file upload-v8.tsv (TSV, C-alpha atoms)
chain	number	residue	atom	x	y	z
D	1	MET	CA	92.87	-23.28	-22.96
D	2	ASN	CA	93.49	-25.63	-25.84
D	3	ASP	CA	96.74	-26.68	-27.35
D	4	SER	CA	96.52	-24.47	-30.38
D	5	SER	CA	96.29	-21.29	-28.33
D	6	TRP	CA	98.69	-22.03	-25.52
D	7	GLY	CA	101.02	-24.62	-27.01
D	8	ALA	CA	101.37	-28.32	-26.29
D	9	PRO	CA	102.44	-29.12	-22.69
D	10	GLN	CA	105.68	-31.06	-22.58
D	11	GLY	CA	105.43	-32.98	-19.39
D	12	ALA	CA	104.03	-33.09	-15.94
D	13	GLY	CA	105.32	-30.17	-13.88
D	14	HIS	CA	107.31	-28.55	-16.72
D	15	TRP	CA	105.27	-25.84	-18.51
D	16	GLY	CA	106.93	-24.60	-21.70
D	17	ALA	CA	110.31	-26.38	-21.18
D	18	PRO	CA	112.46	-26.37	-24.34
D	19	GLU	CA	113.51	-30.00	-23.97
D	20	MET	CA	111.77	-33.12	-22.80
D	21	GLN	CA	112.43	-34.10	-19.19
D	22	ALA	CA	111.11	-37.59	-19.42
D	23	ALA	CA	109.55	-39.82	-21.99
D	24	PRO	CA	107.46	-42.90	-21.44
D	25	ALA	CA	108.96	-46.11	-22.60
D	26	GLY	CA	107.66	-47.80	-25.67
D	27	PRO	CA	108.91	-48.77	-29.13
D	28	ALA	CA	106.42	-46.48	-30.90
D	29	TYR	CA	107.48	-43.30	-29.13
D	30	ASP	CA	110.11	-40.90	-30.46
D	31	VAL	CA	110.89	-37.72	-28.57
D	32	HIS	CA	112.34	-35.99	-31.60
D	33	ASP	CA	109.25	-36.76	-33.71
D	34	ALA	CA	106.97	-35.47	-30.97
D	35	GLN	CA	108.85	-32.18	-30.84
D	36	GLN	CA	108.73	-31.79	-34.63
D	37	THR	CA	105.01	-32.56	-35.00
D	38	ARG	CA	103.85	-30.60	-31.95
D	39	PRO	CA	106.10	-27.48	-31.81
D	40	MET	CA	105.87	-25.07	-28.92
D	41	PRO	CA	105.08	-21.56	-30.23
D	42	ILE	CA	106.13	-18.57	-28.20
D	43	VAL	CA	102.95	-16.94	-26.97
D	44	PRO	CA	102.96	-13.62	-25.10
D	45	ASP	CA	101.38	-13.53	-21.70
D	46	VAL	CA	97.75	-12.55	-21.82
D	47	PRO	CA	96.00	-11.70	-18.57
D	48	ASP	CA	93.31	-14.23	-17.94
D	49	ALA	CA	91.47	-14.79	-14.73
D	50	GLY	CA	91.22	-18.50	-15.41
D	51	ARG	CA	94.76	-19.08	-16.68
D	52	ASP	CA	96.20	-20.55	-13.49
D	53	ALA	CA	93.50	-23.16	-13.39
D	54	ASP	CA	93.98	-23.93	-17.10
D	55	ASP	CA	97.75	-24.23	-16.56
D	56	ARG	CA	97.25	-26.76	-13.81
D	57	ASP	CA	94.82	-28.77	-15.95
D	58	ASP	CA	97.18	-28.77	-18.92
D	59	ARG	CA	100.15	-29.83	-16.77
D	60	ASP	CA	98.13	-32.65	-15.33
D	61	GLN	CA	97.03	-33.82	-18.77
D	62	GLY	CA	100.33	-33.29	-20.60
D	63	ALA	CA	101.90	-36.60	-19.78
D	64	GLY	CA	98.79	-38.48	-20.74
D	65	ARG	CA	98.65	-36.89	-24.18
D	66	LEU	CA	102.32	-37.41	-24.95
D	67	SER	CA	102.23	-41.02	-23.85
D	68	GLY	CA	99.26	-41.81	-26.01
D	69	GLY	CA	96.86	-41.95	-23.06
D	70	PRO	CA	93.28	-40.70	-23.26
D	71	LEU	CA	92.38	-37.10	-22.54
D	72	PHE	CA	90.59	-36.17	-19.36
D	73	ARG	CA	86.84	-36.25	-19.89
D	74	ASP	CA	86.43	-32.56	-19.12
D	75	GLU	CA	88.88	-31.44	-21.80
D	76	LYS	CA	87.05	-30.09	-24.84
D	77	PRO	CA	88.37	-28.44	-27.98
D	78	GLN	CA	87.75	-24.74	-27.94
D	79	GLU	CA	86.79	-22.35	-30.67
D	80	PRO	CA	89.33	-19.81	-31.88
D	81	MET	CA	89.44	-16.77	-29.62
D	82	SER	CA	88.48	-14.36	-32.39
D	83	THR	CA	86.16	-15.30	-35.23
D	84	ALA	CA	84.56	-13.11	-37.83
D	85	PRO	CA	80.80	-12.75	-37.39
D	86	PRO	CA	78.75	-14.58	-40.03
D	87	PRO	CA	77.35	-12.36	-42.76
D	88	PRO	CA	73.70	-11.39	-42.22
D	89	GLN	CA	71.30	-13.60	-44.10
D	90	LYS	CA	68.65	-12.06	-46.27
D	91	LYS	CA	65.02	-12.98	-45.89
D	92	ARG	CA	63.98	-15.54	-48.42
D	93	ALA	CA	60.57	-16.44	-49.69
D	94	GLY	CA	59.27	-19.89	-48.85
D	95	ARG	CA	58.48	-20.81	-52.47
D	96	ASP	CA	60.06	-20.79	-55.90
D	97	LEU	CA	59.14	-17.27	-56.99
D	98	ARG	CA	60.05	-17.82	-60.63
D	99	ALA	CA	57.76	-20.82	-60.91
D	100	ALA	CA	55.05	-19.07	-58.92
D	101	ILE	CA	55.13	-15.98	-61.14
D	102	GLY	CA	55.18	-18.05	-64.33
D	103	VAL	CA	52.23	-20.18	-63.27
D	104	GLY	CA	50.35	-17.12	-62.04
D	105	VAL	CA	50.82	-15.29	-65.33
D	106	GLY	CA	49.71	-18.36	-67.28
D	107	LEU	CA	46.58	-18.82	-65.21
D	108	GLY	CA	45.81	-15.13	-65.45
D	109	ALA	CA	46.05	-15.24	-69.23
D	110	VAL	CA	43.67	-18.20	-69.44
D	111	ILE	CA	41.19	-16.55	-67.08
D	112	VAL	CA	41.21	-13.14	-68.77
D	113	ALA	CA	40.96	-14.66	-72.25
D	114	SER	CA	38.00	-16.84	-71.36
D	115	LEU	CA	36.38	-14.05	-69.33
D	116	PHE	CA	36.24	-11.45	-72.11
D	117	ILE	CA	35.81	-13.72	-75.13
D	118	VAL	CA	33.08	-16.23	-74.20
D	119	LYS	CA	31.43	-16.14	-70.79
D	120	ALA	CA	30.42	-19.80	-70.99
D	121	VAL	CA	34.06	-20.79	-71.32
D	122	PHE	CA	34.89	-18.98	-68.11
D	123	VAL	CA	32.04	-20.82	-66.36
D	124	GLY	CA	33.66	-24.02	-67.55
D	125	VAL	CA	37.01	-22.88	-66.10
D	126	ILE	CA	35.29	-22.33	-62.73
D	127	ALA	CA	33.69	-25.79	-62.88
D	128	VAL	CA	37.03	-27.47	-63.66
D	129	ALA	CA	38.75	-25.63	-60.80
D	130	VAL	CA	35.95	-26.73	-58.46
D	131	VAL	CA	36.23	-30.39	-59.42
D	132	VAL	CA	40.02	-30.40	-59.04
D	133	GLY	CA	39.74	-28.59	-55.71
D	134	LEU	CA	37.22	-31.15	-54.45
D	135	TRP	CA	39.53	-33.97	-55.52
D	136	GLU	CA	42.45	-32.42	-53.62
D	137	LEU	CA	40.40	-31.79	-50.48
D	138	THR	CA	38.78	-35.25	-50.34
D	139	SER	CA	42.11	-36.96	-51.09
D	140	ARG	CA	43.86	-35.17	-48.23
D	141	LEU	CA	40.98	-35.93	-45.86
D	142	GLN	CA	41.23	-39.64	-46.64
D	143	GLU	CA	45.03	-39.76	-46.50
D	144	ARG	CA	45.44	-37.86	-43.25
D	145	LYS	CA	42.22	-38.52	-41.32
D	146	GLY	CA	40.70	-41.62	-42.90
D	147	ILE	CA	37.58	-39.61	-43.86
D	148	LYS	CA	35.97	-40.91	-47.06
D	149	ALA	CA	33.87	-38.05	-48.40
D	150	PRO	CA	32.28	-39.38	-51.64
D	151	LEU	CA	33.93	-37.60	-54.55
D	152	VAL	CA	31.60	-38.60	-57.40
D	153	PRO	CA	28.42	-36.87	-56.12
D	154	LEU	CA	30.52	-33.94	-54.95
D	155	ALA	CA	32.15	-33.45	-58.35
D	156	VAL	CA	28.88	-33.80	-60.31
D	157	GLY	CA	26.93	-31.67	-57.87
D	158	GLY	CA	29.70	-29.07	-57.65
D	159	ALA	CA	29.82	-28.55	-61.42
D	160	ALA	CA	26.02	-28.42	-61.51
D	161	MET	CA	26.07	-25.83	-58.73
D	162	VAL	CA	28.30	-23.48	-60.74
D	163	VAL	CA	26.21	-23.84	-63.89
D	164	SER	CA	22.95	-23.39	-61.94
D	165	GLY	CA	24.24	-20.23	-60.28
D	166	TYR	CA	25.16	-18.77	-63.67
D	167	ALA	CA	21.88	-19.78	-65.31
D	168	TRP	CA	19.33	-19.20	-62.51
D	169	GLY	CA	21.13	-17.08	-59.94
D	170	ALA	CA	21.11	-17.61	-56.18
D	171	GLU	CA	17.96	-19.76	-56.23
D	172	GLY	CA	19.52	-22.20	-58.65
D	173	ALA	CA	22.70	-22.37	-56.56
D	174	TRP	CA	20.78	-23.16	-53.36
D	175	VAL	CA	18.72	-25.88	-55.05
D	176	ALA	CA	21.86	-27.48	-56.50
D	177	MET	CA	23.53	-27.30	-53.07
D	178	ALA	CA	20.61	-29.09	-51.41
D	179	LEU	CA	20.53	-31.81	-54.09
D	180	THR	CA	24.28	-32.30	-53.80
D	181	ALA	CA	24.04	-32.77	-50.03
D	182	LEU	CA	21.25	-35.31	-50.54
D	183	ALA	CA	23.31	-37.16	-53.14
D	184	VAL	CA	26.22	-37.36	-50.69
D	185	LEU	CA	23.95	-38.92	-48.02
D	186	VAL	CA	22.55	-41.50	-50.43
D	187	TRP	CA	25.86	-42.35	-52.11
D	188	ARG	CA	27.52	-43.09	-48.78
D	189	MET	CA	24.74	-45.58	-47.93
D	190	THR	CA	26.21	-48.05	-50.40
D	191	GLN	CA	29.15	-48.61	-48.03
D	192	PRO	CA	29.34	-50.05	-44.49
D	193	PRO	CA	27.72	-47.89	-41.79
D	194	GLU	CA	30.94	-47.36	-39.82
D	195	ASP	CA	31.98	-43.68	-39.90
D	196	TYR	CA	28.87	-42.78	-41.92
D	197	LEU	CA	28.19	-39.59	-39.98
D	198	LYS	CA	31.82	-38.47	-40.21
D	199	ASP	CA	32.03	-39.08	-43.96
D	200	VAL	CA	28.77	-37.37	-44.91
D	201	THR	CA	29.52	-34.40	-42.65
D	202	ALA	CA	32.84	-33.93	-44.41
D	203	GLY	CA	31.08	-34.30	-47.77
D	204	VAL	CA	28.49	-31.61	-47.02
D	205	PHE	CA	31.25	-29.34	-45.71
D	206	ALA	CA	33.26	-29.85	-48.91
D	207	ALA	CA	30.17	-29.10	-51.04
D	208	PHE	CA	29.62	-25.80	-49.27
D	209	TYR	CA	33.27	-24.79	-48.96
D	210	VAL	CA	34.34	-25.29	-52.57
D	211	PRO	CA	31.55	-25.29	-55.21
D	212	PHE	CA	28.89	-23.29	-53.40
D	213	LEU	CA	31.23	-20.39	-52.59
D	214	ALA	CA	32.70	-20.56	-56.11
D	215	THR	CA	29.18	-20.22	-57.54
D	216	PHE	CA	29.20	-16.54	-56.54
D	217	VAL	CA	31.94	-15.95	-59.11
D	218	ALA	CA	29.63	-17.28	-61.80
D	219	MET	CA	26.84	-15.08	-60.41
D	220	LEU	CA	29.10	-12.03	-60.73
D	221	LEU	CA	29.39	-12.83	-64.41
D	222	THR	CA	25.63	-12.59	-65.08
D	223	ALA	CA	25.54	-8.78	-64.83
D	224	ASP	CA	25.87	-6.61	-67.93
D	225	ASP	CA	29.34	-5.60	-66.77
D	226	GLY	CA	29.96	-9.11	-65.48
D	227	PRO	CA	33.50	-9.50	-66.85
D	228	GLN	CA	34.51	-6.22	-65.20
D	229	ARG	CA	33.00	-7.36	-61.90
D	230	VAL	CA	34.85	-10.67	-62.00
D	231	LEU	CA	38.06	-8.88	-62.97
D	232	THR	CA	37.59	-6.49	-60.02
D	233	PHE	CA	37.07	-9.44	-57.69
D	234	LEU	CA	40.22	-11.18	-58.94
D	235	LEU	CA	42.35	-8.04	-58.95
D	236	LEU	CA	41.40	-7.01	-55.42
D	237	THR	CA	42.10	-10.48	-54.04
D	238	VAL	CA	45.45	-10.75	-55.77
D	239	VAL	CA	46.44	-7.20	-54.78
D	240	SER	CA	45.45	-7.91	-51.17
D	241	ASP	CA	47.62	-11.04	-51.08
D	242	THR	CA	50.48	-9.19	-52.76
D	243	GLY	CA	50.30	-6.28	-50.34
D	244	ALA	CA	50.26	-8.63	-47.37
D	245	TYR	CA	53.27	-10.52	-48.71
D	246	ALA	CA	55.32	-7.44	-49.65
D	247	VAL	CA	54.75	-5.44	-46.48
D	248	GLY	CA	54.91	-8.47	-44.20
D	249	TRP	CA	58.15	-9.72	-45.76
D	250	ARG	CA	59.80	-6.33	-45.45
D	251	PHE	CA	58.42	-4.95	-42.19
D	252	GLY	CA	56.62	-7.84	-40.49
D	253	LYS	CA	57.51	-8.26	-36.81
D	254	HIS	CA	54.28	-8.86	-34.90
D	255	LYS	CA	52.58	-12.20	-35.54
D	256	LEU	CA	48.94	-12.08	-36.56
D	257	ALA	CA	47.89	-15.63	-35.68
D	258	PRO	CA	51.02	-17.61	-34.73
D	259	ARG	CA	49.12	-20.75	-33.75
D	260	ILE	CA	47.43	-20.94	-37.15
D	261	SER	CA	49.87	-19.39	-39.62
D	262	PRO	CA	53.20	-18.28	-38.13
D	263	GLY	CA	54.23	-16.45	-41.29
D	264	LYS	CA	51.43	-13.89	-41.22
D	265	THR	CA	51.99	-10.59	-39.43
D	266	ARG	CA	49.91	-7.60	-38.41
D	267	GLU	CA	52.05	-5.42	-40.62
D	268	GLY	CA	51.17	-7.70	-43.53
D	269	LEU	CA	47.48	-7.28	-42.78
D	270	PHE	CA	47.88	-3.50	-42.84
D	271	GLY	CA	49.64	-3.84	-46.19
D	272	ALA	CA	46.77	-5.96	-47.53
D	273	VAL	CA	44.20	-3.40	-46.42
D	274	ALA	CA	46.11	-0.43	-47.86
D	275	PHE	CA	46.82	-2.09	-51.21
D	276	ALA	CA	43.26	-3.43	-51.58
D	277	MET	CA	41.62	-0.12	-50.69
D	278	VAL	CA	43.63	1.77	-53.29
D	279	ALA	CA	42.94	-0.89	-55.92
D	280	GLY	CA	39.27	-0.95	-54.94
D	281	ALA	CA	38.91	2.80	-55.38
D	282	LEU	CA	40.48	2.60	-58.85
D	283	CYS	CA	38.41	-0.40	-59.94
D	284	MET	CA	35.09	1.01	-58.78
D	285	GLN	CA	35.84	4.36	-60.40
D	286	PHE	CA	37.01	3.07	-63.79
D	287	LEU	CA	35.71	-0.50	-64.23
D	288	ILE	CA	32.28	-0.77	-62.61
D	289	ASP	CA	29.32	1.01	-64.19
D	290	GLY	CA	27.88	3.50	-61.72
D	291	GLY	CA	30.61	2.86	-59.15
D	292	SER	CA	32.35	5.47	-57.01
D	293	TRP	CA	35.81	5.63	-55.48
D	294	TRP	CA	34.54	5.74	-51.88
D	295	GLN	CA	32.62	2.52	-52.52
D	296	GLY	CA	35.87	1.04	-53.73
D	297	LEU	CA	37.55	1.92	-50.46
D	298	LEU	CA	34.92	-0.05	-48.53
D	299	LEU	CA	35.07	-2.88	-51.04
D	300	GLY	CA	38.86	-3.09	-50.76
D	301	LEU	CA	38.69	-3.15	-46.97
D	302	ALA	CA	36.14	-5.96	-47.02
D	303	VAL	CA	38.18	-7.95	-49.55
D	304	ALA	CA	41.36	-7.64	-47.47
D	305	VAL	CA	39.58	-8.94	-44.38
D	306	SER	CA	37.75	-11.79	-46.13
D	307	ALA	CA	40.85	-12.87	-48.07
D	308	THR	CA	42.91	-12.95	-44.89
D	309	LEU	CA	40.24	-14.93	-43.05
D	310	GLY	CA	39.98	-17.35	-45.96
D	311	ASP	CA	43.73	-17.85	-45.97
D	312	LEU	CA	43.72	-18.45	-42.22
D	313	GLY	CA	40.78	-20.83	-42.55
D	314	GLU	CA	42.57	-23.11	-44.98
D	315	SER	CA	45.75	-22.82	-42.92
D	316	MET	CA	43.75	-24.16	-40.00
D	317	ILE	CA	42.53	-27.08	-42.12
D	318	LYS	CA	46.04	-27.87	-43.36
D	319	ARG	CA	47.48	-27.60	-39.86
D	320	ASP	CA	44.83	-30.03	-38.62
D	321	LEU	CA	45.73	-32.40	-41.46
D	322	GLY	CA	49.46	-31.94	-40.86
D	323	ILE	CA	50.29	-30.86	-44.42
D	324	LYS	CA	51.89	-27.79	-46.00
D	325	ASP	CA	50.00	-27.76	-49.31
D	326	MET	CA	46.77	-29.32	-50.53
D	327	GLY	CA	48.40	-30.50	-53.74
D	328	THR	CA	51.31	-30.18	-56.15
D	329	LEU	CA	49.64	-29.37	-59.46
D	330	LEU	CA	50.86	-25.76	-59.61
D	331	PRO	CA	54.64	-25.34	-59.23
D	332	GLY	CA	55.45	-22.58	-56.78
D	333	HIS	CA	51.84	-22.46	-55.55
D	334	GLY	CA	50.96	-25.95	-54.35
D	335	GLY	CA	47.54	-27.17	-55.40
D	336	ILE	CA	44.38	-25.58	-56.78
D	337	MET	CA	42.97	-25.29	-53.27
D	338	ASP	CA	46.06	-23.36	-52.19
D	339	ARG	CA	45.10	-20.68	-54.72
D	340	LEU	CA	41.37	-20.77	-53.97
D	341	ASP	CA	41.79	-20.29	-50.23
D	342	SER	CA	41.40	-16.50	-50.28
D	343	LEU	CA	39.19	-16.39	-53.40
D	344	LEU	CA	36.38	-18.63	-52.15
D	345	PRO	CA	35.23	-16.64	-49.09
D	346	THR	CA	35.81	-13.35	-50.93
D	347	ALA	CA	33.45	-14.16	-53.82
D	348	PRO	CA	30.16	-13.82	-51.86
D	349	VAL	CA	31.47	-10.66	-50.14
D	350	VAL	CA	32.23	-8.94	-53.46
D	351	TRP	CA	28.96	-10.15	-55.01
D	352	LEU	CA	26.90	-8.81	-52.11
D	353	LEU	CA	28.63	-5.42	-51.90
D	354	LEU	CA	28.41	-4.84	-55.65
D	355	VAL	CA	24.69	-5.67	-55.57
D	356	LEU	CA	24.24	-3.14	-52.73
D	357	PHE	CA	26.37	-0.45	-54.41
D	358	VAL	CA	25.35	-0.65	-58.08
D	359	GLY	CA	22.66	-3.32	-58.32
D	360	SER	CA	22.63	-6.82	-59.79
D	361	GLY	CA	22.17	-5.82	-63.45
call {"tool": "encode", "arguments": {"input": "upload-v8.tsv", "output": "C-alpha cells"}}
result
Amino acid sequence: MNDSSWGAPQGAGHWGAPEMQAAPAGPAYDVHDAQQTRPMPIVPDVPDAGRDADDRDDRDQGAGRLSGGPLFRDEKPQEPMSTAPPPPQKKRAGRDLRAAIGVGVGLGAVIVASLFIVKAVFVGVIAVAVVVGLWELTSRLQERKGIKAPLVPLAVGGAAMVVSGYAWGAEGAWVAMALTALAVLVWRMTQPPEDYLKDVTAGVFAAFYVPFLATFVAMLLTADDGPQRVLTFLLLTVVSDTGAYAVGWRFGKHKLAPRISPGKTREGLFGAVAFAMVAGALCMQFLIDGGSWWQGLLLGLAVAVSATLGDLGESMIKRDLGIKDMGTLLPGHGGIMDRLDSLLPTAPVVWLLLVLFVGSG
C-alpha cells in the first residue's frame, strides 16, 4: 500500500504511533515539520489478504523515508483504489470530413458541368487527371523505390490515349497504348543501362494502370446517351464507396483484408454491394436508354466488386511503397490517384456491361 492510502509510517517497528520514537540526527531534520507536512490520517481497517506483508514492508522502509534515505527499489507508487472509468470514445474518421466533402462537391460540380455542356471539355478533364495521376505515381516510385519511370512519354502518350479512345474507340486506345509503351522503351535508352528493365517495366505498368483504364471513361461518352452513362458510372462508384464507409464505420467488425487494408471490413463490403445495387437499379431504369432495373442490380454488384478490388489494389501499392497517400493536392482526399483508385478498374467493367445490356450507341 502507498502512503496516501495507509498513512506515512513513523518509524521502524511503530505503525501508526502518535508521536515520534526516534529521529535521525542531522541539522536539516525537524520532527515537528515532518509531522505537519506528512500527517497521519485515521483510516478504518479494511480486510486485505496482503496487508500484513504491506505493513512489514512499510515498517521496514519508514525510517529510510523519514531520514531522507532512498526508497526500496520494489516500492512503487500505486494508483488510487477507485477511479472512474474513462468515457467511451466515439469512432472517428481518419480524414478531415469537412475538407473532403468540400473538395468532393467542387470536383463534382466541375465534372457535371463539363459533362453536360461540352463533351470535349470533359475529355480534357480526364486527360488532365491522367497526367497528374501519372506524375504522382512516378514521383512516389522514384522517391520510395528508386524507380525512374519516364514521365514525359507517359504524360504525352496518356493524354493521346484518352483522346484516341474518344475519337476512334477501343482500336484507337490500343494503338495509343502500344505507341506509348514503345516511347517509354526508347526514351529510357537515353540514360545509363543500369535498372533499364525495372524502369521500363514500371513505365509500361503506369501507362496501362492510369491512362489506358481511364480511356474507357472517354469511350462511355461516345454513345448518344454518353453523359448519362458517365454519370451512372460515377454515381455507382461514389455510392459504393459511401456505402462501404457508412456501414463499415457503424457495424464493421470482421476485417476484409487486414494485411492489405486494415480499415476495410466484410460488413463494409456488404454495404457497398447493397448501396450500389439499389443505385444501379435506379440509374438503369431512369438514366440509361433501353435499360432495365434488373440490369442495374447486376451492374451495381459488379461496380461494388471492381471498386473494392481497385481500392485494395492501390492500397497494396501504397503499402509496398510505405506511404499513406499518393499525393496532397486534394485536402481531405490525398492525391488524384487516391480518388482514381476505385474509378480506374471500374470504368472498363461499366463500359462492357452497358455495351452488353443496351449496345454501344
call {"tool": "residues_around", "arguments": {"input": "upload-v8.tsv", "residues": "range 184-201 of chain D", "least_positions_apart": "5", "cutoff": "12 Å", "atoms": "only C-alpha atoms", "output": "VMD selection string"}}
result
chain D and resid 138 141 to 142 145 to 158 177 to 179 206 to 208
call {"tool": "atom_distance", "arguments": {"input": "upload-v8.tsv", "atom1": "CA of Ala272 in chain D", "atom2": "CA of Ser306 in chain D"}}
result
10.8 Å
call {"tool": "closest_residue", "arguments": {"input": "upload-v8.tsv", "among": "D:Val273, D:Val230, D:Leu137, D:Met219", "to": "Lys318 in chain D", "atoms": "only C-alpha atoms"}}
result
D:Leu137
call {"tool": "closest_residue", "arguments": {"input": "upload-v8.tsv", "among": "D:Gln228, D:Met316, D:Ala159, D:Thr222", "to": "Ser261 in chain D", "atoms": "only C-alpha atoms"}}
result
D:Met316
call {"tool": "atom_distance", "arguments": {"input": "upload-v8.tsv", "atom1": "CA of Thr328 in chain D", "atom2": "CA of Glu136 in chain D"}}
result
9.5 Å
call {"tool": "residues_around", "arguments": {"input": "upload-v8.tsv", "residues": "range 341-350 of chain D", "least_positions_apart": "2", "cutoff": "7 Å", "atoms": "only C-alpha atoms", "output": "VMD selection string"}}
result
chain D and resid 210 213 to 214 216 to 217 233 237 303 306 to 308 310 to 311 314 337 to 339 352 to 354
call {"tool": "write_last_selection", "arguments": {"input": "upload-v8.tsv", "atoms": "C-alpha atoms", "output": "JSON list (two decimals), in the frame of the given file"}}
result
[["chain", "number", "residue", "atom", "x", "y", "z"],
["D", 210, "VAL", "CA", 34.34, -25.29, -52.57],
["D", 213, "LEU", "CA", 31.23, -20.39, -52.59],
["D", 214, "ALA", "CA", 32.70, -20.56, -56.11],
["D", 216, "PHE", "CA", 29.20, -16.54, -56.54],
["D", 217, "VAL", "CA", 31.94, -15.95, -59.11],
["D", 233, "PHE", "CA", 37.07, -9.44, -57.69],
["D", 237, "THR", "CA", 42.10, -10.48, -54.04],
["D", 303, "VAL", "CA", 38.18, -7.95, -49.55],
["D", 306, "SER", "CA", 37.75, -11.79, -46.13],
["D", 307, "ALA", "CA", 40.85, -12.87, -48.07],
["D", 308, "THR", "CA", 42.91, -12.95, -44.89],
["D", 310, "GLY", "CA", 39.98, -17.35, -45.96],
["D", 311, "ASP", "CA", 43.73, -17.85, -45.97],
["D", 314, "GLU", "CA", 42.57, -23.11, -44.98],
["D", 337, "MET", "CA", 42.97, -25.29, -53.27],
["D", 338, "ASP", "CA", 46.06, -23.36, -52.19],
["D", 339, "ARG", "CA", 45.10, -20.68, -54.72],
["D", 352, "LEU", "CA", 26.90, -8.81, -52.11],
["D", 353, "LEU", "CA", 28.63, -5.42, -51.90],
["D", 354, "LEU", "CA", 28.41, -4.84, -55.65]]
call {"tool": "atom_distance", "arguments": {"input": "upload-v8.tsv", "atom1": "CA of Leu256 in chain D", "atom2": "CA of Leu312 in chain D"}}
result
10.0 Å
call {"tool": "residues_around", "arguments": {"input": "upload-v8.tsv", "residues": "Met161 in chain D", "least_positions_apart": "4", "cutoff": "9 Å", "atoms": "all atoms listed in the file", "output": "list in words"}}
result
Ala127, Val156, Gly157, Gly165, Tyr166, Gly172, Ala173, Trp174, Val175, Ala176, Met177, Thr180, Pro211, Phe212, Ala214 and Thr215 of chain D
call {"tool": "residues_around", "arguments": {"input": "upload-v8.tsv", "residues": "Leu231 in chain D", "least_positions_apart": "3", "cutoff": "12 Å", "atoms": "all atoms listed in the file", "output": "ChimeraX atom specification"}}
result
/D:108-109,111-116,122,217-218,220-221,225-228,234-239,279-280,283-284,287-288,347,350
call {"tool": "residues_around", "arguments": {"input": "upload-v8.tsv", "residues": "Val110 in chain D", "least_positions_apart": "6", "cutoff": "12 Å", "atoms": "only C-alpha atoms", "output": "PyMOL selection string"}}
result
chain D and resi 103-104+116-118+121-122+124-126
call {"tool": "closest_residue", "arguments": {"input": "upload-v8.tsv", "among": "D:Thr242, D:Thr232, D:Ser315, D:Thr265", "to": "Gln285 in chain D", "atoms": "all atoms listed in the file"}}
result
D:Thr232
call {"tool": "closest_residue", "arguments": {"input": "upload-v8.tsv", "among": "D:Arg259, D:Arg266, D:Arg229, D:Arg319", "to": "Gly291 in chain D", "atoms": "only C-alpha atoms"}}
result
D:Arg229
call {"tool": "build_atoms", "arguments": {"input": "upload-v8.tsv", "residues": "range 170-181 of chain D", "atoms": "N, CA, C and O atoms", "output": "PDB file, keeping the file's coordinate frame"}}
result
ATOM      1  N   ALA D 170      20.957 -17.071 -57.530  1.00  0.00           N
ATOM      2  CA  ALA D 170      21.110 -17.610 -56.180  1.00  0.00           C
ATOM      3  C   ALA D 170      20.147 -18.764 -55.920  1.00  0.00           C
ATOM      4  O   ALA D 170      20.495 -19.742 -55.247  1.00  0.00           O
ATOM      5  N   GLU D 171      18.916 -18.671 -56.450  1.00  0.00           N
ATOM      6  CA  GLU D 171      17.960 -19.760 -56.230  1.00  0.00           C
ATOM      7  C   GLU D 171      18.461 -21.066 -56.820  1.00  0.00           C
ATOM      8  O   GLU D 171      18.374 -22.133 -56.183  1.00  0.00           O
ATOM      9  N   GLY D 172      19.000 -20.997 -58.026  1.00  0.00           N
ATOM     10  CA  GLY D 172      19.520 -22.200 -58.650  1.00  0.00           C
ATOM     11  C   GLY D 172      20.702 -22.774 -57.874  1.00  0.00           C
ATOM     12  O   GLY D 172      20.841 -23.997 -57.744  1.00  0.00           O
ATOM     13  N   ALA D 173      21.549 -21.904 -57.333  1.00  0.00           N
ATOM     14  CA  ALA D 173      22.700 -22.370 -56.560  1.00  0.00           C
ATOM     15  C   ALA D 173      22.257 -23.087 -55.288  1.00  0.00           C
ATOM     16  O   ALA D 173      22.803 -24.140 -54.926  1.00  0.00           O
ATOM     17  N   TRP D 174      21.252 -22.525 -54.603  1.00  0.00           N
ATOM     18  CA  TRP D 174      20.780 -23.160 -53.360  1.00  0.00           C
ATOM     19  C   TRP D 174      20.125 -24.504 -53.643  1.00  0.00           C
ATOM     20  O   TRP D 174      20.321 -25.474 -52.892  1.00  0.00           O
ATOM     21  N   VAL D 175      19.343 -24.598 -54.707  1.00  0.00           N
ATOM     22  CA  VAL D 175      18.720 -25.880 -55.050  1.00  0.00           C
ATOM     23  C   VAL D 175      19.777 -26.923 -55.379  1.00  0.00           C
ATOM     24  O   VAL D 175      19.713 -28.079 -54.927  1.00  0.00           O
ATOM     25  N   ALA D 176      20.786 -26.539 -56.160  1.00  0.00           N
ATOM     26  CA  ALA D 176      21.860 -27.480 -56.500  1.00  0.00           C
ATOM     27  C   ALA D 176      22.635 -27.895 -55.259  1.00  0.00           C
ATOM     28  O   ALA D 176      23.053 -29.063 -55.139  1.00  0.00           O
ATOM     29  N   MET D 177      22.836 -26.971 -54.314  1.00  0.00           N
ATOM     30  CA  MET D 177      23.530 -27.300 -53.070  1.00  0.00           C
ATOM     31  C   MET D 177      22.745 -28.334 -52.269  1.00  0.00           C
ATOM     32  O   MET D 177      23.311 -29.319 -51.751  1.00  0.00           O
ATOM     33  N   ALA D 178      21.438 -28.145 -52.164  1.00  0.00           N
ATOM     34  CA  ALA D 178      20.610 -29.090 -51.410  1.00  0.00           C
ATOM     35  C   ALA D 178      20.623 -30.480 -52.072  1.00  0.00           C
ATOM     36  O   ALA D 178      20.736 -31.509 -51.387  1.00  0.00           O
ATOM     37  N   LEU D 179      20.510 -30.521 -53.399  1.00  0.00           N
ATOM     38  CA  LEU D 179      20.530 -31.810 -54.090  1.00  0.00           C
ATOM     39  C   LEU D 179      21.884 -32.498 -53.964  1.00  0.00           C
ATOM     40  O   LEU D 179      21.962 -33.733 -53.855  1.00  0.00           O
ATOM     41  N   THR D 180      22.945 -31.713 -53.969  1.00  0.00           N
ATOM     42  CA  THR D 180      24.280 -32.300 -53.800  1.00  0.00           C
ATOM     43  C   THR D 180      24.435 -32.921 -52.414  1.00  0.00           C
ATOM     44  O   THR D 180      24.978 -34.027 -52.265  1.00  0.00           O
ATOM     45  N   ALA D 181      23.973 -32.226 -51.394  1.00  0.00           N
ATOM     46  CA  ALA D 181      24.040 -32.770 -50.030  1.00  0.00           C
ATOM     47  C   ALA D 181      23.237 -34.062 -49.933  1.00  0.00           C
ATOM     48  O   ALA D 181      23.680 -35.048 -49.308  1.00  0.00           O
TER      49      ALA D 181
END
